[in-house]
>>> print(open('run-v9.txt').read())   # compact mmCIF, C-alpha atoms
# COMPACT_ATOMS: atom_id res chain seq x y z
CA MET A 1 -60.40 29.86 -11.34
CA THR A 2 -58.38 28.41 -14.21
CA SER A 3 -54.72 28.05 -13.32
CA THR A 4 -51.76 29.10 -15.43
CA SER A 5 -50.88 25.48 -16.09
CA ASP A 6 -54.46 24.76 -17.24
CA ILE A 7 -54.15 27.59 -19.73
CA GLU A 8 -50.81 26.31 -20.90
CA THR A 9 -52.32 22.85 -21.41
CA PHE A 10 -55.20 24.35 -23.39
CA ILE A 11 -52.74 26.16 -25.66
CA LEU A 12 -50.61 23.08 -26.23
CA ARG A 13 -53.67 20.97 -27.00
CA THR A 14 -54.98 23.70 -29.29
CA ALA A 15 -51.69 23.39 -31.16
CA MET A 16 -52.61 19.77 -31.86
CA GLY A 17 -55.94 20.81 -33.32
CA ASP A 18 -58.03 20.01 -30.23
CA ARG A 19 -61.18 22.10 -30.59
CA ALA A 20 -62.49 21.32 -27.11
CA ALA A 21 -59.25 22.65 -25.63
CA PHE A 22 -59.55 25.73 -27.83
CA ALA A 23 -63.12 26.29 -26.57
CA ALA A 24 -61.90 25.92 -22.98
CA LEU A 25 -59.08 28.37 -23.67
CA TYR A 26 -61.63 30.84 -25.03
CA ASP A 27 -63.85 30.45 -21.97
CA ALA A 28 -60.92 30.96 -19.61
CA THR A 29 -59.29 33.95 -21.31
CA SER A 30 -61.71 35.77 -23.61
CA ALA A 31 -62.88 38.25 -20.95
CA LYS A 32 -59.30 39.31 -20.26
CA LEU A 33 -58.39 39.55 -23.93
CA PHE A 34 -61.61 41.42 -24.73
CA GLY A 35 -60.69 43.86 -21.94
CA VAL A 36 -57.28 44.37 -23.58
CA CYS A 37 -58.89 45.04 -26.99
CA LEU A 38 -61.45 47.43 -25.48
CA ARG A 39 -58.85 49.38 -23.54
CA VAL A 40 -56.64 49.90 -26.59
CA LEU A 41 -59.40 50.52 -29.14
CA ASN A 42 -61.95 52.40 -27.06
CA ASN A 43 -64.58 51.10 -29.42
CA ARG A 44 -66.79 48.14 -28.79
CA ALA A 45 -67.51 47.03 -32.37
CA GLU A 46 -63.83 47.15 -33.29
CA ALA A 47 -62.85 45.33 -30.12
CA GLU A 48 -65.32 42.54 -30.93
CA ASP A 49 -63.85 42.26 -34.41
CA VAL A 50 -60.31 42.18 -33.15
CA LEU A 51 -61.17 39.63 -30.46
CA GLN A 52 -62.24 37.28 -33.25
CA ASP A 53 -58.96 37.91 -35.06
CA VAL A 54 -57.10 37.25 -31.81
CA PHE A 55 -58.59 33.80 -31.36
CA VAL A 56 -58.21 32.94 -35.04
CA ARG A 57 -54.56 33.91 -34.65
CA ILE A 58 -54.22 31.86 -31.45
CA TRP A 59 -55.66 28.79 -33.18
CA ARG A 60 -53.21 29.15 -36.06
CA LYS A 61 -50.16 30.08 -33.98
CA ALA A 62 -50.60 27.83 -30.97
CA ASP A 63 -47.93 25.48 -32.34
CA ARG A 64 -45.39 28.29 -32.08
CA TYR A 65 -46.21 28.95 -28.45
CA ALA A 66 -44.25 25.91 -27.30
CA VAL A 67 -41.00 27.13 -28.83
CA ASN A 68 -41.16 30.81 -27.92
CA GLY A 69 -40.70 30.46 -24.16
CA TYR A 70 -43.45 32.90 -23.14
CA SER A 71 -45.62 32.36 -20.11
CA PRO A 72 -49.13 31.59 -21.36
CA MET A 73 -50.97 34.75 -20.32
CA THR A 74 -48.12 36.96 -21.56
CA TRP A 75 -48.31 35.30 -24.94
CA LEU A 76 -52.09 35.65 -25.18
CA ILE A 77 -52.12 39.27 -23.98
CA THR A 78 -49.27 40.16 -26.34
CA VAL A 79 -51.15 38.68 -29.31
CA ALA A 80 -54.31 40.59 -28.36
CA ARG A 81 -52.57 43.87 -27.67
CA ASN A 82 -50.56 43.76 -30.89
CA LEU A 83 -53.60 43.06 -33.04
CA ALA A 84 -55.60 45.77 -31.27
CA ILE A 85 -52.83 48.33 -31.83
CA ASP A 86 -52.47 47.26 -35.47
CA ARG A 87 -56.16 48.04 -35.84
CA LEU A 88 -55.78 51.33 -33.98
CA ARG A 89 -52.98 52.39 -36.32
CA ALA A 90 -54.99 51.40 -39.39
CA ARG A 91 -57.86 53.71 -38.60
CA LYS A 92 -57.80 57.45 -38.86
CA ALA A 93 -61.00 58.65 -37.18
CA PRO A 94 -60.96 59.15 -33.40
CA ALA A 95 -63.14 56.88 -31.32
CA ARG A 96 -65.74 57.91 -28.80
CA PRO A 97 -64.64 57.87 -25.16
CA ILE A 98 -64.90 54.39 -23.76
CA GLU A 99 -67.24 55.42 -20.93
CA ASP A 100 -69.87 56.07 -23.61
CA ILE A 101 -69.73 52.50 -24.71
CA TYR A 102 -69.09 50.19 -21.85
CA ASP A 103 -68.84 50.18 -18.11
CA LEU A 104 -65.26 49.15 -17.58
CA ALA A 105 -65.67 49.12 -13.83
CA ALA A 106 -67.94 46.10 -14.24
CA SER A 107 -65.35 43.53 -13.25
CA GLY A 108 -61.84 43.30 -11.94
CA PRO A 109 -59.49 40.51 -11.02
CA THR A 110 -60.59 37.97 -8.46
CA PRO A 111 -58.76 38.07 -5.10
CA GLU A 112 -56.69 35.02 -6.15
CA GLU A 113 -55.69 36.71 -9.39
CA ALA A 114 -54.92 39.91 -7.57
CA ALA A 115 -52.61 38.09 -5.17
CA ALA A 116 -50.81 36.26 -7.95
CA GLN A 117 -50.37 39.46 -9.90
CA SER A 118 -49.44 41.73 -7.05
CA SER A 119 -45.74 40.94 -6.77
CA GLU A 120 -45.08 41.42 -10.49
CA ARG A 121 -47.31 44.43 -10.44
CA ALA A 122 -45.33 45.86 -7.56
CA GLN A 123 -42.14 45.37 -9.53
CA ILE A 124 -43.24 47.28 -12.61
CA ASP A 125 -44.72 50.01 -10.43
CA ARG A 126 -41.48 50.35 -8.50
CA CYS A 127 -39.45 50.42 -11.73
CA LEU A 128 -41.73 53.00 -13.33
CA ASP A 129 -41.66 55.10 -10.16
CA ALA A 130 -37.87 55.26 -10.50
CA LEU A 131 -38.27 57.01 -13.88
CA GLU A 132 -39.04 60.67 -14.37
CA SER A 133 -42.83 60.82 -14.16
CA LYS A 134 -43.45 62.03 -17.70
CA TYR A 135 -41.57 59.03 -19.11
CA ALA A 136 -43.27 56.61 -16.74
CA GLU A 137 -46.59 58.03 -17.98
CA SER A 138 -45.36 57.63 -21.55
CA VAL A 139 -44.60 53.94 -21.03
CA ARG A 140 -48.08 53.46 -19.58
CA GLY A 141 -49.70 55.44 -22.38
CA ALA A 142 -47.93 53.41 -25.04
CA TYR A 143 -48.68 50.09 -23.37
CA LEU A 144 -52.26 50.68 -22.27
CA GLU A 145 -53.60 53.03 -24.92
CA GLY A 146 -51.34 52.19 -27.85
CA GLU A 147 -50.14 55.78 -28.03
CA THR A 148 -47.57 56.78 -30.65
CA TYR A 149 -44.44 58.91 -30.16
CA GLN A 150 -46.44 61.78 -31.59
CA ASP A 151 -49.21 61.33 -29.00
CA LEU A 152 -46.65 61.07 -26.21
CA ALA A 153 -44.71 64.13 -27.37
CA GLU A 154 -47.89 66.20 -27.60
CA ARG A 155 -49.02 65.18 -24.15
CA ALA A 156 -45.63 65.90 -22.57
CA GLY A 157 -45.30 69.14 -24.57
CA VAL A 158 -41.89 68.28 -26.05
CA PRO A 159 -40.68 67.79 -29.65
CA ILE A 160 -41.05 64.24 -30.94
CA ASN A 161 -37.29 63.67 -31.26
CA THR A 162 -36.73 64.79 -27.69
CA MET A 163 -39.43 62.42 -26.52
CA ARG A 164 -37.84 59.55 -28.40
CA THR A 165 -34.30 60.23 -27.18
CA TRP A 166 -35.37 60.50 -23.55
CA LEU A 167 -37.84 57.67 -23.62
CA ARG A 168 -35.18 55.36 -25.04
CA ARG A 169 -32.91 56.26 -22.12
CA SER A 170 -35.77 55.63 -19.72
CA LEU A 171 -36.34 52.25 -21.36
CA LEU A 172 -32.73 51.25 -20.66
CA LYS A 173 -33.23 52.09 -16.99
CA LEU A 174 -36.55 50.31 -16.94
CA LYS A 175 -35.08 47.17 -18.49
CA ASP A 176 -32.25 47.10 -15.95
CA CYS A 177 -34.77 47.40 -13.16
CA LEU A 178 -37.13 44.73 -14.53
CA THR A 179 -34.41 42.16 -15.18
CA MET B 180 -23.94 72.43 -17.57
CA ALA B 181 -22.24 69.60 -19.43
CA PRO B 182 -20.51 70.30 -22.75
CA PRO B 183 -21.84 68.23 -25.68
CA GLN B 184 -18.84 65.89 -25.89
CA SER B 185 -19.42 64.56 -22.39
CA VAL B 186 -22.81 63.29 -23.56
CA GLU B 187 -21.00 61.51 -26.39
CA THR B 188 -18.53 60.05 -23.92
CA LYS B 189 -21.29 58.81 -21.70
CA GLY B 190 -22.98 57.14 -24.68
CA LEU B 191 -19.73 55.39 -25.54
CA PHE B 192 -19.26 54.34 -21.94
CA ASP B 193 -22.76 52.85 -21.91
CA LEU B 194 -21.90 50.83 -24.99
CA MET B 195 -18.58 49.62 -23.60
CA THR B 196 -20.00 48.45 -20.31
CA GLN B 197 -22.33 46.27 -22.31
CA ALA B 198 -19.57 44.60 -24.37
CA GLY B 199 -20.44 40.95 -24.83
CA ASP B 200 -23.93 41.67 -23.61
CA GLN B 201 -26.91 43.01 -25.54
CA PRO B 202 -26.02 46.29 -27.21
CA ARG B 203 -27.79 49.15 -25.43
CA ASP B 204 -29.36 50.15 -28.69
CA ASP B 205 -31.08 46.79 -29.11
CA ILE B 206 -32.39 46.87 -25.54
CA ALA B 207 -34.12 50.19 -26.19
CA LEU B 208 -35.22 49.13 -29.67
CA ALA B 209 -36.81 45.91 -28.37
CA GLY B 210 -38.58 47.98 -25.71
CA GLU B 211 -39.91 50.34 -28.36
CA TYR B 212 -41.05 47.34 -30.41
CA ALA B 213 -42.77 45.77 -27.39
CA LEU B 214 -44.57 49.05 -26.68
CA HIS B 215 -45.53 49.29 -30.38
CA LEU B 216 -43.81 52.67 -30.75
CA LEU B 217 -41.86 51.95 -33.94
CA ASP B 218 -43.17 53.20 -37.26
CA ALA B 219 -44.15 50.60 -39.87
CA ASP B 220 -40.73 50.51 -41.60
CA SER B 221 -38.74 50.14 -38.37
CA ARG B 222 -41.18 47.56 -37.11
CA PHE B 223 -40.78 45.55 -40.28
CA ALA B 224 -36.99 45.79 -40.09
CA PHE B 225 -37.04 44.65 -36.45
CA GLU B 226 -39.22 41.67 -37.33
CA GLN B 227 -36.81 40.69 -40.09
CA ARG B 228 -34.04 40.61 -37.49
CA LEU B 229 -36.21 38.60 -35.08
CA ARG B 230 -36.37 35.80 -37.62
CA ASP B 231 -32.61 35.35 -37.59
CA GLU B 232 -31.52 36.49 -34.12
CA PRO B 233 -32.49 34.30 -31.18
CA GLU B 234 -30.89 36.75 -28.70
CA LEU B 235 -33.17 39.48 -30.00
CA ARG B 236 -36.19 37.18 -29.57
CA ASN B 237 -35.10 36.55 -25.98
CA LEU B 238 -34.72 40.25 -25.37
CA LEU B 239 -38.20 40.91 -26.73
CA ARG B 240 -39.62 38.13 -24.59
CA GLU B 241 -38.02 39.70 -21.50
CA TRP B 242 -39.64 43.01 -22.40
CA ASP B 243 -43.05 41.44 -23.02
CA GLU B 244 -42.84 39.53 -19.74
CA GLY B 245 -41.65 42.62 -17.88
CA LEU B 246 -44.40 44.88 -19.19
CA VAL B 247 -47.31 42.45 -19.11
CA SER B 248 -48.22 43.17 -15.50
CA LEU B 249 -49.33 46.62 -16.69
CA ALA B 250 -52.20 44.70 -18.28
CA THR B 251 -53.63 44.10 -14.81
CA GLU B 252 -55.06 47.60 -15.38
CA MET B 253 -57.02 46.24 -18.33
CA ASN B 254 -60.17 44.99 -16.69
CA GLU B 255 -61.90 41.84 -17.78
CA VAL B 256 -65.04 42.36 -19.81
CA GLU B 257 -67.22 39.43 -20.83
CA PRO B 258 -67.57 39.49 -24.64
CA PRO B 259 -71.00 38.86 -26.22
CA ALA B 260 -71.79 35.16 -26.58
CA ALA B 261 -72.05 35.48 -30.37
CA ILE B 262 -68.31 36.11 -30.66
CA LYS B 263 -67.32 32.57 -29.72
CA ARG B 264 -69.68 31.15 -32.30
CA ALA B 265 -68.40 33.59 -34.94
CA ILE B 266 -64.81 32.47 -34.30
CA GLU B 267 -65.76 28.81 -34.62
CA VAL B 268 -67.60 29.53 -37.86
CA ARG B 269 -64.57 31.35 -39.21
CA LEU B 270 -62.23 28.54 -38.28
CA PHE B 271 -64.22 25.38 -38.67
CA SER B 272 -67.09 25.78 -41.11
CA SER B 273 -64.90 25.98 -44.19
CA GLU B 274 -64.59 23.32 -46.83
CA LYS B 275 -61.83 21.68 -44.77
CA ALA B 276 -64.12 21.28 -41.79
CA ASP B 277 -66.77 19.74 -44.02
CA ARG B 278 -64.25 17.20 -45.13
CA GLU B 279 -63.40 16.38 -41.51
CA ARG B 280 -67.07 15.88 -40.72
CA TRP B 281 -67.41 13.66 -43.78
CA PHE B 282 -64.60 11.44 -42.57
CA GLY B 283 -66.31 11.27 -39.18
CA ARG B 284 -69.64 10.23 -40.67
CA ILE B 285 -68.05 7.46 -42.74
CA GLY B 286 -66.42 6.21 -39.58
CA ARG B 287 -69.72 5.83 -37.78
CA TRP B 288 -71.32 4.08 -40.75
CA ILE B 289 -68.82 1.41 -41.44
CA GLY B 290 -67.47 0.48 -38.07
CA ALA B 291 -64.42 0.65 -35.90
CA ALA B 292 -61.82 -0.48 -38.41
CA ALA B 293 -62.91 2.12 -40.87
CA LEU B 294 -62.99 4.68 -38.09
CA VAL B 295 -59.32 4.07 -37.43
CA ALA B 296 -58.56 4.33 -41.12
CA ALA B 297 -60.61 7.49 -41.47
CA ALA B 298 -58.96 9.00 -38.41
CA PHE B 299 -55.59 8.19 -39.92
CA ALA B 300 -56.60 9.76 -43.21
CA LEU B 301 -57.82 12.81 -41.34
CA ALA B 302 -54.58 13.03 -39.39
CA MET B 303 -52.61 12.87 -42.63
CA TYR B 304 -54.82 15.57 -44.04
CA VAL B 305 -54.60 17.86 -41.04
CA ALA B 306 -51.03 17.22 -39.93
CA PRO B 307 -49.16 19.30 -42.53
CA SER B 308 -50.82 22.49 -41.34
CA PHE B 309 -49.40 21.94 -37.87
CA THR B 310 -45.80 21.33 -38.87
CA ARG B 311 -44.30 24.78 -39.19
CA PRO B 312 -40.76 24.78 -37.86
CA ASP B 313 -40.19 28.50 -38.41
CA VAL B 314 -40.02 30.67 -35.33
CA GLY B 315 -39.77 34.17 -36.80
CA PRO B 316 -42.88 36.25 -37.40
CA ASN B 317 -44.87 35.81 -40.54
CA TYR B 318 -47.70 37.90 -41.82
CA LEU B 319 -51.35 37.05 -42.04
CA ALA B 320 -54.45 38.67 -43.38
CA GLU B 321 -58.02 37.62 -43.58
CA ILE B 322 -59.39 39.39 -46.63
CA ALA B 323 -63.14 39.28 -46.18
CA ALA B 324 -66.36 40.88 -47.34
CA ASP B 325 -68.49 42.56 -44.68
CA ASP B 326 -71.14 39.87 -45.10
CA ARG B 327 -68.43 37.15 -45.36
CA SER B 328 -69.60 36.16 -48.84
CA VAL B 329 -65.90 36.24 -49.78
CA VAL B 330 -63.18 35.12 -47.36
CA VAL B 331 -59.57 34.65 -48.44
CA GLU B 332 -56.76 33.81 -46.03
CA ALA B 333 -53.37 35.25 -47.00
CA VAL B 334 -49.99 34.32 -45.53
CA PHE B 335 -47.06 36.47 -46.62
CA ASP B 336 -43.43 35.40 -46.41
CA PRO B 337 -41.31 38.56 -46.59
CA ASP B 338 -38.13 36.61 -47.44
CA THR B 339 -39.42 35.09 -50.63
CA GLY B 340 -42.16 37.63 -51.26
CA GLU B 341 -44.67 34.82 -51.67
CA ILE B 342 -48.26 35.21 -50.62
CA ASP B 343 -50.14 31.99 -50.12
CA LEU B 344 -53.80 32.55 -50.75
CA ASP B 345 -56.48 30.22 -49.55
CA THR B 346 -59.99 30.99 -50.73
CA MET B 347 -62.25 29.78 -47.93
CA VAL B 348 -65.53 31.23 -49.21
CA GLY B 349 -66.61 32.79 -52.48
CA ALA B 350 -65.58 32.88 -56.13
CA PRO B 351 -65.71 35.45 -58.93
CA ALA B 352 -68.76 35.51 -61.19
CA GLU B 353 -68.66 33.58 -64.46
CA GLY B 354 -66.24 35.30 -66.85
CA ARG B 355 -64.75 37.50 -64.11
CA VAL B 356 -61.62 37.21 -61.93
CA PHE B 357 -60.53 38.38 -58.50
CA GLU B 358 -57.52 40.70 -58.39
CA LEU B 359 -55.43 41.35 -55.28
CA TRP B 360 -54.33 44.88 -54.38
CA LEU B 361 -52.00 46.35 -51.80
CA ILE B 362 -53.03 49.65 -50.23
CA ALA B 363 -49.83 50.53 -48.38
CA ASP B 364 -49.99 52.69 -45.28
CA GLY B 365 -50.09 56.29 -46.49
CA ALA B 366 -49.96 55.31 -50.17
CA PRO B 367 -52.08 57.39 -52.54
CA ALA B 368 -53.41 54.48 -54.60
CA PRO B 369 -53.69 50.69 -54.61
CA VAL B 370 -50.97 48.66 -56.34
CA SER B 371 -51.90 45.42 -58.10
CA LEU B 372 -50.33 42.24 -56.74
CA GLY B 373 -51.88 40.12 -59.46
CA VAL B 374 -54.93 38.08 -60.35
CA LEU B 375 -55.92 35.41 -57.86
CA PRO B 376 -55.30 31.88 -59.10
CA GLN B 377 -58.54 30.15 -60.02
CA THR B 378 -57.82 27.08 -57.93
CA GLY B 379 -58.39 27.06 -54.17
CA THR B 380 -54.91 27.42 -52.73
CA ASP B 381 -52.07 29.03 -54.59
CA GLY B 382 -49.68 31.89 -54.41
CA LEU B 383 -48.58 35.16 -55.89
CA THR B 384 -45.14 36.72 -55.58
CA VAL B 385 -44.79 40.28 -54.36
CA PRO B 386 -42.09 42.28 -56.20
CA GLU B 387 -39.10 43.03 -54.00
CA VAL B 388 -39.68 46.80 -53.97
CA LEU B 389 -43.11 46.36 -52.45
CA ARG B 390 -42.23 43.86 -49.71
CA SER B 391 -41.43 46.35 -46.97
CA ALA B 392 -44.67 48.19 -47.72
CA MET B 393 -46.71 45.06 -47.05
CA LEU B 394 -46.62 45.18 -43.24
CA GLY B 395 -49.46 47.23 -41.87
CA GLY B 396 -50.82 47.54 -45.39
CA THR B 397 -54.34 46.67 -46.38
CA LEU B 398 -55.03 43.95 -48.90
CA ALA B 399 -58.10 44.26 -51.06
CA ILE B 400 -59.75 42.07 -53.68
CA SER B 401 -61.61 43.56 -56.61
CA ASP B 402 -63.88 42.08 -59.24
CA GLU B 403 -62.22 42.42 -62.67
CA PRO B 404 -62.43 41.22 -66.29
CA PRO B 405 -60.32 38.18 -67.30
CA GLY B 406 -56.60 38.96 -67.07
CA GLY B 407 -57.18 41.61 -64.46
CA SER B 408 -57.76 45.34 -64.50
CA PRO B 409 -56.77 46.86 -67.85
CA THR B 410 -56.06 50.27 -66.28
CA GLY B 411 -53.70 49.52 -63.38
CA ALA B 412 -56.37 50.60 -60.91
CA PRO B 413 -59.37 48.60 -59.69
CA THR B 414 -62.20 48.87 -62.23
CA GLY B 415 -64.81 46.66 -60.54
CA ASP B 416 -66.18 46.56 -57.02
CA ILE B 417 -63.87 46.00 -54.06
CA VAL B 418 -65.35 42.75 -52.77
CA ALA B 419 -63.15 42.10 -49.73
CA VAL B 420 -60.52 43.82 -47.59
CA GLY B 421 -58.18 42.84 -44.76
CA LEU B 422 -55.26 44.21 -42.79
CA LEU B 423 -51.94 42.38 -43.03
CA THR B 424 -50.42 41.99 -39.59
CA SER B 425 -47.46 40.17 -38.12
CA SER B 426 -47.81 37.29 -35.77
>>> encode(input="run-v9.txt", output="structure tokens")
Amino acid sequence: MTSTSDIETFILRTAMGDRAAFAALYDATSAKLFGVCLRVLNNRAEAEDVLQDVFVRIWRKADRYAVNGYSPMTWLITVARNLAIDRLRARKAPARPIEDIYDLAASGPTPEEAAAQSSERAQIDRCLDALESKYAESVRGAYLEGETYQDLAERAGVPINTMRTWLRRSLLKLKDCLT
Amino acid sequence: MAPPQSVETKGLFDLMTQAGDQPRDDIALAGEYALHLLDADSRFAFEQRLRDEPELRNLLREWDEGLVSLATEMNEVEPPAAIKRAIEVRLFSSEKADRERWFGRIGRWIGAAALVAAAFALAMYVAPSFTRPDVGPNYLAEIAADDRSVVVEAVFDPDTGEIDLDTMVGAPAEGRVFELWLIADGAPAPVSLGVLPQTGTDGLTVPEVLRSAMLGGTLAISDEPPGGSPTGAPTGDIVAVGLLTSS
């Protein structure tokens, strides 16, 4: 398994225009980033398109990585998720359910990954559990599915302004807990 | 049941306890930005602040780092092998890449000394594109035809309103020009941003009133007579489109 510091090295070398490092970065992270695009977009063709945009963006922005202070996977996942949600917002037609398109149960994290992730995962779960469940679900919906305030309000059955006011309060609690 | 003013008082108390720290409002706002819950205008305004406010960038980073473990729920899926190749074609098979290969070939032909010289020339050629000291977001679009017969890279600077345009592939037919259009989110019709310069890399300036509409907007290129569309709307085919997104 590729370590976090390997990935960081690949990004820094990509910033210097090293194509071999860029190829290695792709090999190490494309499955994760494709998973992010698929989860948000629910549409395989769009996810493939966005994955290309993600790596084009990574190639062009790798020089900024060094100054922004992000951990490498956070930076990569944030780039992928943002581009996928931009695409989601730009389209109007609803997508087919993802189960129609791809078997998402096909792969999960390796045991090593799972161990490395579990403590941070436990923290966000604990912090979300401390929120009222409908707002915890809203945070998940926004993060994982790219849902809008309108989507969240409809699902929770409250007016959009109410959703925003209460979610913002929940975010303050969440931030306190995460920090 | 609490009377309304006690809610006010609590809000004030929240603000005061944070004196000297991040304002509560910014903490929630950065969270909303990280979750991608802000509408296009608020998102744009937040990104403008990110350019100038390092504390806000730190706050956003804390949010991104705090939320990222939710992505463990996003399972890995191996993308098709063709995607990697497509990315490399997009990035490296342009005119610039050809020039790099040309330098490389010369190097092999005329020996080690020339190789060093060619490598130096290549470094001088490539280096400027890697020296970008800015840390705030900027805006990029790849405006491309479905069959990639036209590919134009656009970089938009919202402060100056300049769009740098780099035509990677394609050119208008003899006696025709390419015209750039903004289709803003929710706008009823495209707005012309001007005729593309004939030379490879050059810029256009977006009028101030349109700048905030750029983010999340779609850029399109149409085929037009010399001087651009005479009607204020595209008259020829739309040859390429792309979504403008922040970094």
>>> atom_distance(input="run-v9.txt", atom1="atom CA of A:Val50", atom2="atom CA of A:Arg89")
13.0 Å
>>> closest_atom_pairs(input="run-v9.txt", of="chain B", to="chain A", cutoff="8 Å", atoms="only C-alpha atoms", output="JSON lines")
{"residue": "B:Arg203", "atom": "CA", "partner": "A:Leu172", "partner_atom": "CA", "distance": 7.2}
{"residue": "B:Ile206", "atom": "CA", "partner": "A:Leu172", "partner_atom": "CA", "distance": 6.6}
{"residue": "B:Ala207", "atom": "CA", "partner": "A:Arg168", "partner_atom": "CA", "distance": 5.4}
{"residue": "B:Leu208", "atom": "CA", "partner": "A:Arg168", "partner_atom": "CA", "distance": 7.8}
{"residue": "B:Gly210", "atom": "CA", "partner": "A:Leu171", "partner_atom": "CA", "distance": 6.5}
{"residue": "B:Glu211", "atom": "CA", "partner": "A:Arg168", "partner_atom": "CA", "distance": 7.7}
{"residue": "B:Leu214", "atom": "CA", "partner": "A:Tyr143", "partner_atom": "CA", "distance": 5.4}
{"residue": "B:His215", "atom": "CA", "partner": "A:Gly146", "partner_atom": "CA", "distance": 7.0}
{"residue": "B:Leu216", "atom": "CA", "partner": "A:Thr148", "partner_atom": "CA", "distance": 5.6}
{"residue": "B:Arg240", "atom": "CA", "partner": "A:Tyr70", "partner_atom": "CA", "distance": 6.6}
{"residue": "B:Glu241", "atom": "CA", "partner": "A:Thr179", "partner_atom": "CA", "distance": 7.7}
{"residue": "B:Trp242", "atom": "CA", "partner": "A:Lys175", "partner_atom": "CA", "distance": 7.3}
{"residue": "B:Asp243", "atom": "CA", "partner": "A:Thr74", "partner_atom": "CA", "distance": 6.9}
{"residue": "B:Glu244", "atom": "CA", "partner": "A:Thr74", "partner_atom": "CA", "distance": 6.1}
{"residue": "B:Gly245", "atom": "CA", "partner": "A:Leu178", "partner_atom": "CA", "distance": 6.0}
{"residue": "B:Leu246", "atom": "CA", "partner": "A:Ile124", "partner_atom": "CA", "distance": 7.1}
{"residue": "B:Val247", "atom": "CA", "partner": "A:Thr74", "partner_atom": "CA", "distance": 6.1}
{"residue": "B:Ser248", "atom": "CA", "partner": "A:Arg121", "partner_atom": "CA", "distance": 5.3}
{"residue": "B:Leu249", "atom": "CA", "partner": "A:Arg121", "partner_atom": "CA", "distance": 6.9}
{"residue": "B:Ala250", "atom": "CA", "partner": "A:Leu144", "partner_atom": "CA", "distance": 7.2}
{"residue": "B:Thr251", "atom": "CA", "partner": "A:Gln117", "partner_atom": "CA", "distance": 7.5}
{"residue": "B:Met253", "atom": "CA", "partner": "A:Val36", "partner_atom": "CA", "distance": 5.6}
{"residue": "B:Asn254", "atom": "CA", "partner": "A:Gly108", "partner_atom": "CA", "distance": 5.3}
{"residue": "B:Glu255", "atom": "CA", "partner": "A:Lys32", "partner_atom": "CA", "distance": 4.4}
{"residue": "B:Val256", "atom": "CA", "partner": "A:Ala31", "partner_atom": "CA", "distance": 4.8}
{"residue": "B:Glu257", "atom": "CA", "partner": "A:Ala31", "partner_atom": "CA", "distance": 4.5}
{"residue": "B:Pro258", "atom": "CA", "partner": "A:Ala31", "partner_atom": "CA", "distance": 6.1}
{"residue": "B:Ile262", "atom": "CA", "partner": "A:Gln52", "partner_atom": "CA", "distance": 6.7}
{"residue": "B:Lys263", "atom": "CA", "partner": "A:Tyr26", "partner_atom": "CA", "distance": 7.6}
{"residue": "B:Ala265", "atom": "CA", "partner": "A:Gln52", "partner_atom": "CA", "distance": 7.4}
{"residue": "B:Ile266", "atom": "CA", "partner": "A:Gln52", "partner_atom": "CA", "distance": 5.6}
{"residue": "B:Arg269", "atom": "CA", "partner": "A:Val56", "partner_atom": "CA", "distance": 7.8}
{"residue": "B:Leu270", "atom": "CA", "partner": "A:Val56", "partner_atom": "CA", "distance": 6.8}
{"residue": "B:Phe309", "atom": "CA", "partner": "A:Asp63", "partner_atom": "CA", "distance": 6.7}
{"residue": "B:Arg311", "atom": "CA", "partner": "A:Asp63", "partner_atom": "CA", "distance": 7.8}
{"residue": "B:Val314", "atom": "CA", "partner": "A:Arg64", "partner_atom": "CA", "distance": 6.7}
{"residue": "B:Asp364", "atom": "CA", "partner": "A:Ala90", "partner_atom": "CA", "distance": 7.8}
{"residue": "B:Gly395", "atom": "CA", "partner": "A:Asp86", "partner_atom": "CA", "distance": 7.1}
{"residue": "B:Leu422", "atom": "CA", "partner": "A:Ala90", "partner_atom": "CA", "distance": 8.0}
{"residue": "B:Thr424", "atom": "CA", "partner": "A:Asp86", "partner_atom": "CA", "distance": 7.0}
{"residue": "B:Ser426", "atom": "CA", "partner": "A:Val79", "partner_atom": "CA", "distance": 7.4}
>>> atom_distance(input="run-v9.txt", atom1="atom CA of B:Asp336", atom2="atom CA of B:Asn237")
22.1 Å
>>> axis_aligned_box(input="run-v9.txt", around="stretch 136-149 of chain A", padding_each_side="8 Å", output="JSON")
{"center_x": -48.4, "center_y": 54.5, "center_z": -23.7, "size_x": 26.3, "size_y": 24.8, "size_z": 29.9}
>>> atom_distance(input="run-v9.txt", atom1="atom CA of B:Ala261", atom2="atom CA of B:Leu423")
24.7 Å
>>> residues_around(input="run-v9.txt", residues="B:Glu403", least_positions_apart="6", cutoff="7 Å", atoms="all atoms listed in the file", output="list in words")
Arg355, Val356, Phe357, Glu358, Thr414 and Gly415 of chain B
>>> residues_around(input="run-v9.txt", residues="B:Thr339", least_positions_apart="2", cutoff="9 Å", atoms="only C-alpha atoms", output="ChimeraX atom specification")
/B:335-337,341-342,384-385,387
>>> residues_around(input="run-v9.txt", residues="B:Val348", least_positions_apart="4", cutoff="8 Å", atoms="all atoms listed in the file", output="PDB file with C-alpha atoms, in the frame of the given file")
ATOM      1  CA  SER B 273     -64.900  25.980 -44.190  1.00  0.00           C
ATOM      2  CA  ARG B 327     -68.430  37.150 -45.360  1.00  0.00           C
ATOM      3  CA  SER B 328     -69.600  36.160 -48.840  1.00  0.00           C
ATOM      4  CA  VAL B 329     -65.900  36.240 -49.780  1.00  0.00           C
ATOM      5  CA  VAL B 330     -63.180  35.120 -47.360  1.00  0.00           C
ATOM      6  CA  VAL B 331     -59.570  34.650 -48.440  1.00  0.00           C
TER       7      VAL B 331
END
>>> residues_around(input="run-v9.txt", residues="B:Leu359", least_positions_apart="3", cutoff="7 Å", atoms="only C-alpha atoms", output="list in words")
Ser371, Leu372, Gly373, Val374, Leu375, Leu398, Ala399, Ile400 and Ser401 of chain B
